[in-house]
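Colleague: To start, I am sharing the structure in question, which I have written as structure tokens.
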Amino acid sequence: MIDAARQLAVRAAVRLDAGVNAEMALDQELRAAGIDHPQRPRATDLFYQMVRWQIRLDHALSHCLSRPLRDLQPEVRAMLRLGALELLVERHPAYAVVDSSVSLAGKLAPAAKGLVNAVLRRLATAGDGPWPEDPVLALAVRHAHPAWLVGRWLAQFGQDDTLAIMAWNNSRPPLWVRVNRMRGTPAAYQDQFQVTGEPHPEAPTALALAAQPVRKLAGYGQGWVTPQGVGSQVVSAMLPLSPGWRVADVCAGHGTKALALLERQSRIEVLAGDLRPEALRLIPGEARRLGLPAPLTRSLDAAHPPRELLGSFQAVLVDAPCSGLGTLQRHPELRHRCQLEDVARLAGEQARILAGAASLVAEGGVLQYAVCSWEPEETTAVVEGFLGTHPGFAQVGRRWLTPCRENTEGFFIAVLRRSLAEDHSGR
Ligand SMILES: C[S@@+](CC[C@H](N)C(=O)[O-])C[C@H]1O[C@@H](n2cnc3c(N)ncnc32)[C@H](O)[C@@H]1O
């Protein structure tokens, strides 16, 4: 009998292989299966486990194949990765993995049944195969991370923290939510809905809940909770706010942080801007669900903000587009998609956006820069480059968030203040 969860996971992996992003690839498969499909949680878990461990699985499979894995039909590649995951990581019995993989091959790629059978039998005996001789590459393969990134983290954090970061990235994330303080505290939420959750010392509004479809969360429709990682909650909690202020979130996306600001202080006027107007469309509905005043939304290029807005905000948040390399636990596919060149390209964009956003800040106002990455090009270099060319701004706060110390996804946050009587000579 074909196991529905395995089939869904393989089909989603084929979509991912074709370039669809992971969340969408899985969503497209699951939507057809239905929100209440009993195999939905297991299919989701299998799919993300395959993506998370892919580098190690591909290494092991390469020893058992006579041709490169990339030359195989996508369905066959995905089935082999799933079988390898079950053998090497989940440690299921070999006979069960081989049997169920051959049955699935019979359905998805009948001509490859023999190949799937032979390769997985070989893998069951060979295990991971020899690790690479190069110590950085060996560490990278063993923990399923790209070698270029492991090399950088070793230089930046040392071996112990790099291992802790990789272990965190390879663990299954809980569902973090932000409890809407306009509705009540996390304790009140748990009492009212009889929900069990884990708090986090870095973010008083955060609760970790068991993974589940967001719309099925208790109290979701009544605006009690919104999915948001702990690090992301720290970003929105660090921006100084006062009643009556005009606040701009210039890379607002779907507005998660803009709405978190309004939950903290509803007596502010918030402009949520983004280059992509389609991202902003969800914000008014979300504000209604949360019982908040709707932010103004506006499609804009933060690197070149509209003239009429210059110097008019007491606080500006730049949640800049970034590599996302601090969020590999929740976004494991970035291990395969993000390259070193992307980091350099993004750093240029971040510098342009920060400089543009600075022109929106009123005298004495605050500019906060955040990225979910630790890469020096995207973090310290952007802020130091900015301060070097903007003498009217000074850094008044800075935070690094890491799995190994704060037990959160990775973030870098810098808080900059514009002086009252600004010297414009450097701008
Ligand atoms: C890290 S995401 C923001 C996530 C969002 N703040 C949240 O909390 O969910 C970065 C956003 O910046 C937007 N973006 C990229 N370049 C931009 C630009 N030049 N001006 C404004 N927004 C930009 C992207 O469309 C994306 O939505």
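Here, A, B, ... name the chains of the structure tokens in the order displayed, residue numbers run from 1 inside each chain, and ligands are numbered from 1 in the same displayed order.
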Could you give me, as number ranges by chain, every polymer residue with an atom at most 9 Å away from an atom of ligand 1, counting only C-alpha atoms and all ligand atoms?
Modeller: A: 228, 232-233, 235-236, 249-260, 272-277, 279-280, 299-305, 317-324, 349-350, 352-353, 356-357, 370-372
Colleague: Using only C-alpha atoms, which residues of segment 124-227 of chain A come within 10 Å of segment 35-41 of chain A, and what is the closest atom pair for each, with the distance in Å to one decimal? Give it as a tab-separated table, sorted by chain and residue number.
Modeller:
residue	atom	partner	partner_atom	distance
A:Ala211	CA	A:Pro41	CA	8.0
A:Gln212	CA	A:Pro41	CA	7.4
A:Pro213	CA	A:Ile35	CA	7.7
A:Arg215	CA	A:Ile35	CA	9.6
A:Lys216	CA	A:Ile35	CA	9.2
Colleague: Limited to C-alpha atoms, could you put the picked residues into a file as a CSV table (one decimal), in the first residue's frame?
Modeller:
chain,number,residue,atom,x,y,z
A,211,ALA,CA,3.2,22.6,15.1
A,212,GLN,CA,-0.2,22.9,13.4
A,213,PRO,CA,-1.9,24.8,10.6
A,215,ARG,CA,-5.7,28.9,10.9
A,216,LYS,CA,-6.5,26.1,13.3
Colleague: Restricting the calculation to only C-alpha atoms: of A:Val76, A:Ala94, A:Leu154, A:Ala187, which residue gets closest to Gln7 of chain A?
Modeller: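 Checking each candidate against Gln7 of chain A, we get A:Val76 as the closest.
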Colleague: If you run DSSP on this backbone, which residues of segment 85-243 of chain A come out as strand (DSSP E), and could you give them as a list in words?
Modeller: Leu175, Trp176, Val177, Arg178, Val179, Glu198, Pro199, His200, Ala203, Pro204, Thr205, Ala206, Leu207, Ala208, Leu209, Val225, Thr226 and Pro227 of chain A
Colleague: Could you dump the residues just selected with C-alpha atoms as a compact mmCIF listing (two decimals), in the first residue's frame?
Modeller:
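Result file is again24.txt:
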# COMPACT_ATOMS: atom_id res chain seq x y z
CA LEU A 175 5.43 27.01 16.10
CA TRP A 176 6.26 30.35 17.73
CA VAL A 177 3.42 32.78 18.09
CA ARG A 178 3.16 36.33 19.30
CA VAL A 179 0.32 36.79 21.76
CA GLU A 198 6.46 27.41 26.29
CA PRO A 199 7.48 31.02 26.95
CA HIS A 200 10.85 32.50 25.95
CA ALA A 203 10.35 37.95 24.18
CA PRO A 204 7.54 38.35 26.75
CA THR A 205 4.82 37.96 24.09
CA ALA A 206 6.25 34.73 22.63
CA LEU A 207 4.84 31.22 23.12
CA ALA A 208 6.00 27.99 21.48
CA LEU A 209 3.07 25.79 20.48
CA VAL A 225 -2.11 35.05 18.17
CA THR A 226 0.09 35.58 15.11
CA PRO A 227 2.92 33.27 14.02
Colleague: So which bits of segment 43-168 of chain A end up helix (DSSP H, G or I) when you DSSP the backbone, as a PyMOL selection string?
Modeller: chain A and resi 43-62+69-71+74-89+94-108+110-126+135-142+147-157+159-168
Colleague: For segment 404-417 of chain A, work out the shell of residues within 7 Å, counting only C-alpha atoms and skipping chain neighbours fewer than 6 positions away, then give it as a ChimeraX atom specification.
Modeller: /A:161,164-165,230-231,235,326-327,364-374,379,393-398
Colleague: Limited to C-alpha atoms, could you put the picked residues into a file as a PDB file, in the first residue's frame?
Modeller:
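Generated file (out-v7.pdb):
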ATOM      1  CA  ASP A 161      29.253  27.517  18.647  1.00  0.00           C
ATOM      2  CA  ALA A 164      25.565  24.324  18.335  1.00  0.00           C
ATOM      3  CA  ILE A 165      24.221  26.478  15.482  1.00  0.00           C
ATOM      4  CA  VAL A 230      11.268  34.944  18.794  1.00  0.00           C
ATOM      5  CA  GLY A 231      14.092  36.876  17.088  1.00  0.00           C
ATOM      6  CA  VAL A 235      13.189  43.230  16.510  1.00  0.00           C
ATOM      7  CA  GLY A 326      20.200  32.987  10.529  1.00  0.00           C
ATOM      8  CA  THR A 327      16.910  31.166   9.881  1.00  0.00           C
ATOM      9  CA  GLY A 364      16.142  63.325  16.998  1.00  0.00           C
ATOM     10  CA  GLY A 365      14.368  60.264  15.560  1.00  0.00           C
ATOM     11  CA  VAL A 366      15.408  56.606  15.516  1.00  0.00           C
ATOM     12  CA  LEU A 367      16.453  54.364  12.639  1.00  0.00           C
ATOM     13  CA  GLN A 368      16.542  50.628  13.353  1.00  0.00           C
ATOM     14  CA  TYR A 369      18.263  48.196  11.007  1.00  0.00           C
ATOM     15  CA  ALA A 370      17.640  44.440  11.276  1.00  0.00           C
ATOM     16  CA  VAL A 371      18.598  41.356   9.274  1.00  0.00           C
ATOM     17  CA  CYS A 372      18.146  37.644  10.049  1.00  0.00           C
ATOM     18  CA  SER A 373      21.769  36.901   9.281  1.00  0.00           C
ATOM     19  CA  TRP A 374      25.157  37.119  10.992  1.00  0.00           C
ATOM     20  CA  THR A 379      25.527  43.358   9.441  1.00  0.00           C
ATOM     21  CA  PHE A 393      23.531  59.489  13.035  1.00  0.00           C
ATOM     22  CA  ALA A 394      25.044  57.625  15.987  1.00  0.00           C
ATOM     23  CA  GLN A 395      24.587  54.047  17.095  1.00  0.00           C
ATOM     24  CA  VAL A 396      22.687  53.826  20.403  1.00  0.00           C
ATOM     25  CA  GLY A 397      22.078  50.068  20.591  1.00  0.00           C
ATOM     26  CA  ARG A 398      23.108  46.810  18.969  1.00  0.00           C
TER      27      ARG A 398
END
Colleague: Would you kindly return, as a list in words, each protein, DNA or RNA residue with an atom no farther than 10 Å from any atom of Leu69 of chain A, considering only C-alpha atoms and excluding same-chain residues fewer than 5 positions away?
Modeller: Asp58, His59, Leu61, Ser62, Cys64, Pro74, Val76, Arg77, Ala78, Leu80 and Arg81 of chain A
Colleague: Based on the selection just made, write N, CA and C atoms of those residues as a PDB file, in the first residue's frame.
Modeller:
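Saved file part20.pdb follows:
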ATOM      1  N   ASP A  58      22.700  13.278   0.082  1.00  0.00           N
ATOM      2  CA  ASP A  58      23.276  13.231  -1.274  1.00  0.00           C
ATOM      3  C   ASP A  58      24.690  12.675  -1.235  1.00  0.00           C
ATOM      4  N   HIS A  59      25.421  13.021  -0.187  1.00  0.00           N
ATOM      5  CA  HIS A  59      26.778  12.490  -0.045  1.00  0.00           C
ATOM      6  C   HIS A  59      26.719  10.962   0.056  1.00  0.00           C
ATOM      7  N   LEU A  61      24.271   8.929  -0.848  1.00  0.00           N
ATOM      8  CA  LEU A  61      23.735   8.317  -2.080  1.00  0.00           C
ATOM      9  C   LEU A  61      24.787   8.286  -3.180  1.00  0.00           C
ATOM     10  N   SER A  62      25.660   9.310  -3.198  1.00  0.00           N
ATOM     11  CA  SER A  62      26.660   9.383  -4.279  1.00  0.00           C
ATOM     12  C   SER A  62      27.580   8.152  -4.259  1.00  0.00           C
ATOM     13  N   CYS A  64      26.581   5.180  -3.646  1.00  0.00           N
ATOM     14  CA  CYS A  64      25.802   3.987  -4.016  1.00  0.00           C
ATOM     15  C   CYS A  64      25.258   4.070  -5.435  1.00  0.00           C
ATOM     16  N   PRO A  74      13.601  13.665 -11.473  1.00  0.00           N
ATOM     17  CA  PRO A  74      13.354  14.311 -10.174  1.00  0.00           C
ATOM     18  C   PRO A  74      12.598  13.425  -9.176  1.00  0.00           C
ATOM     19  N   VAL A  76      12.690  10.216  -8.909  1.00  0.00           N
ATOM     20  CA  VAL A  76      13.590   9.162  -8.424  1.00  0.00           C
ATOM     21  C   VAL A  76      14.567   9.761  -7.406  1.00  0.00           C
ATOM     22  N   ARG A  77      15.074  10.955  -7.741  1.00  0.00           N
ATOM     23  CA  ARG A  77      15.998  11.638  -6.818  1.00  0.00           C
ATOM     24  C   ARG A  77      15.303  11.854  -5.465  1.00  0.00           C
ATOM     25  N   ALA A  78      14.058  12.321  -5.531  1.00  0.00           N
ATOM     26  CA  ALA A  78      13.336  12.614  -4.275  1.00  0.00           C
ATOM     27  C   ALA A  78      13.060  11.323  -3.505  1.00  0.00           C
ATOM     28  N   LEU A  80      14.827   8.583  -3.528  1.00  0.00           N
ATOM     29  CA  LEU A  80      16.086   8.104  -2.938  1.00  0.00           C
ATOM     30  C   LEU A  80      16.455   8.934  -1.713  1.00  0.00           C
ATOM     31  N   ARG A  81      16.225  10.233  -1.806  1.00  0.00           N
ATOM     32  CA  ARG A  81      16.536  11.084  -0.638  1.00  0.00           C
ATOM     33  C   ARG A  81      15.631  10.705   0.535  1.00  0.00           C
TER      34      ARG A  81
END
Colleague: Nearest to Leu325 of chain A among A:Glu308, A:Glu378, A:Asp27, A:Glu86, with distances taken over only C-alpha atoms: which residue is it?
Modeller: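 Comparing A:Glu308, A:Glu378, A:Asp27, A:Glu86 against Leu325 of chain A, the winner is A:Glu378.
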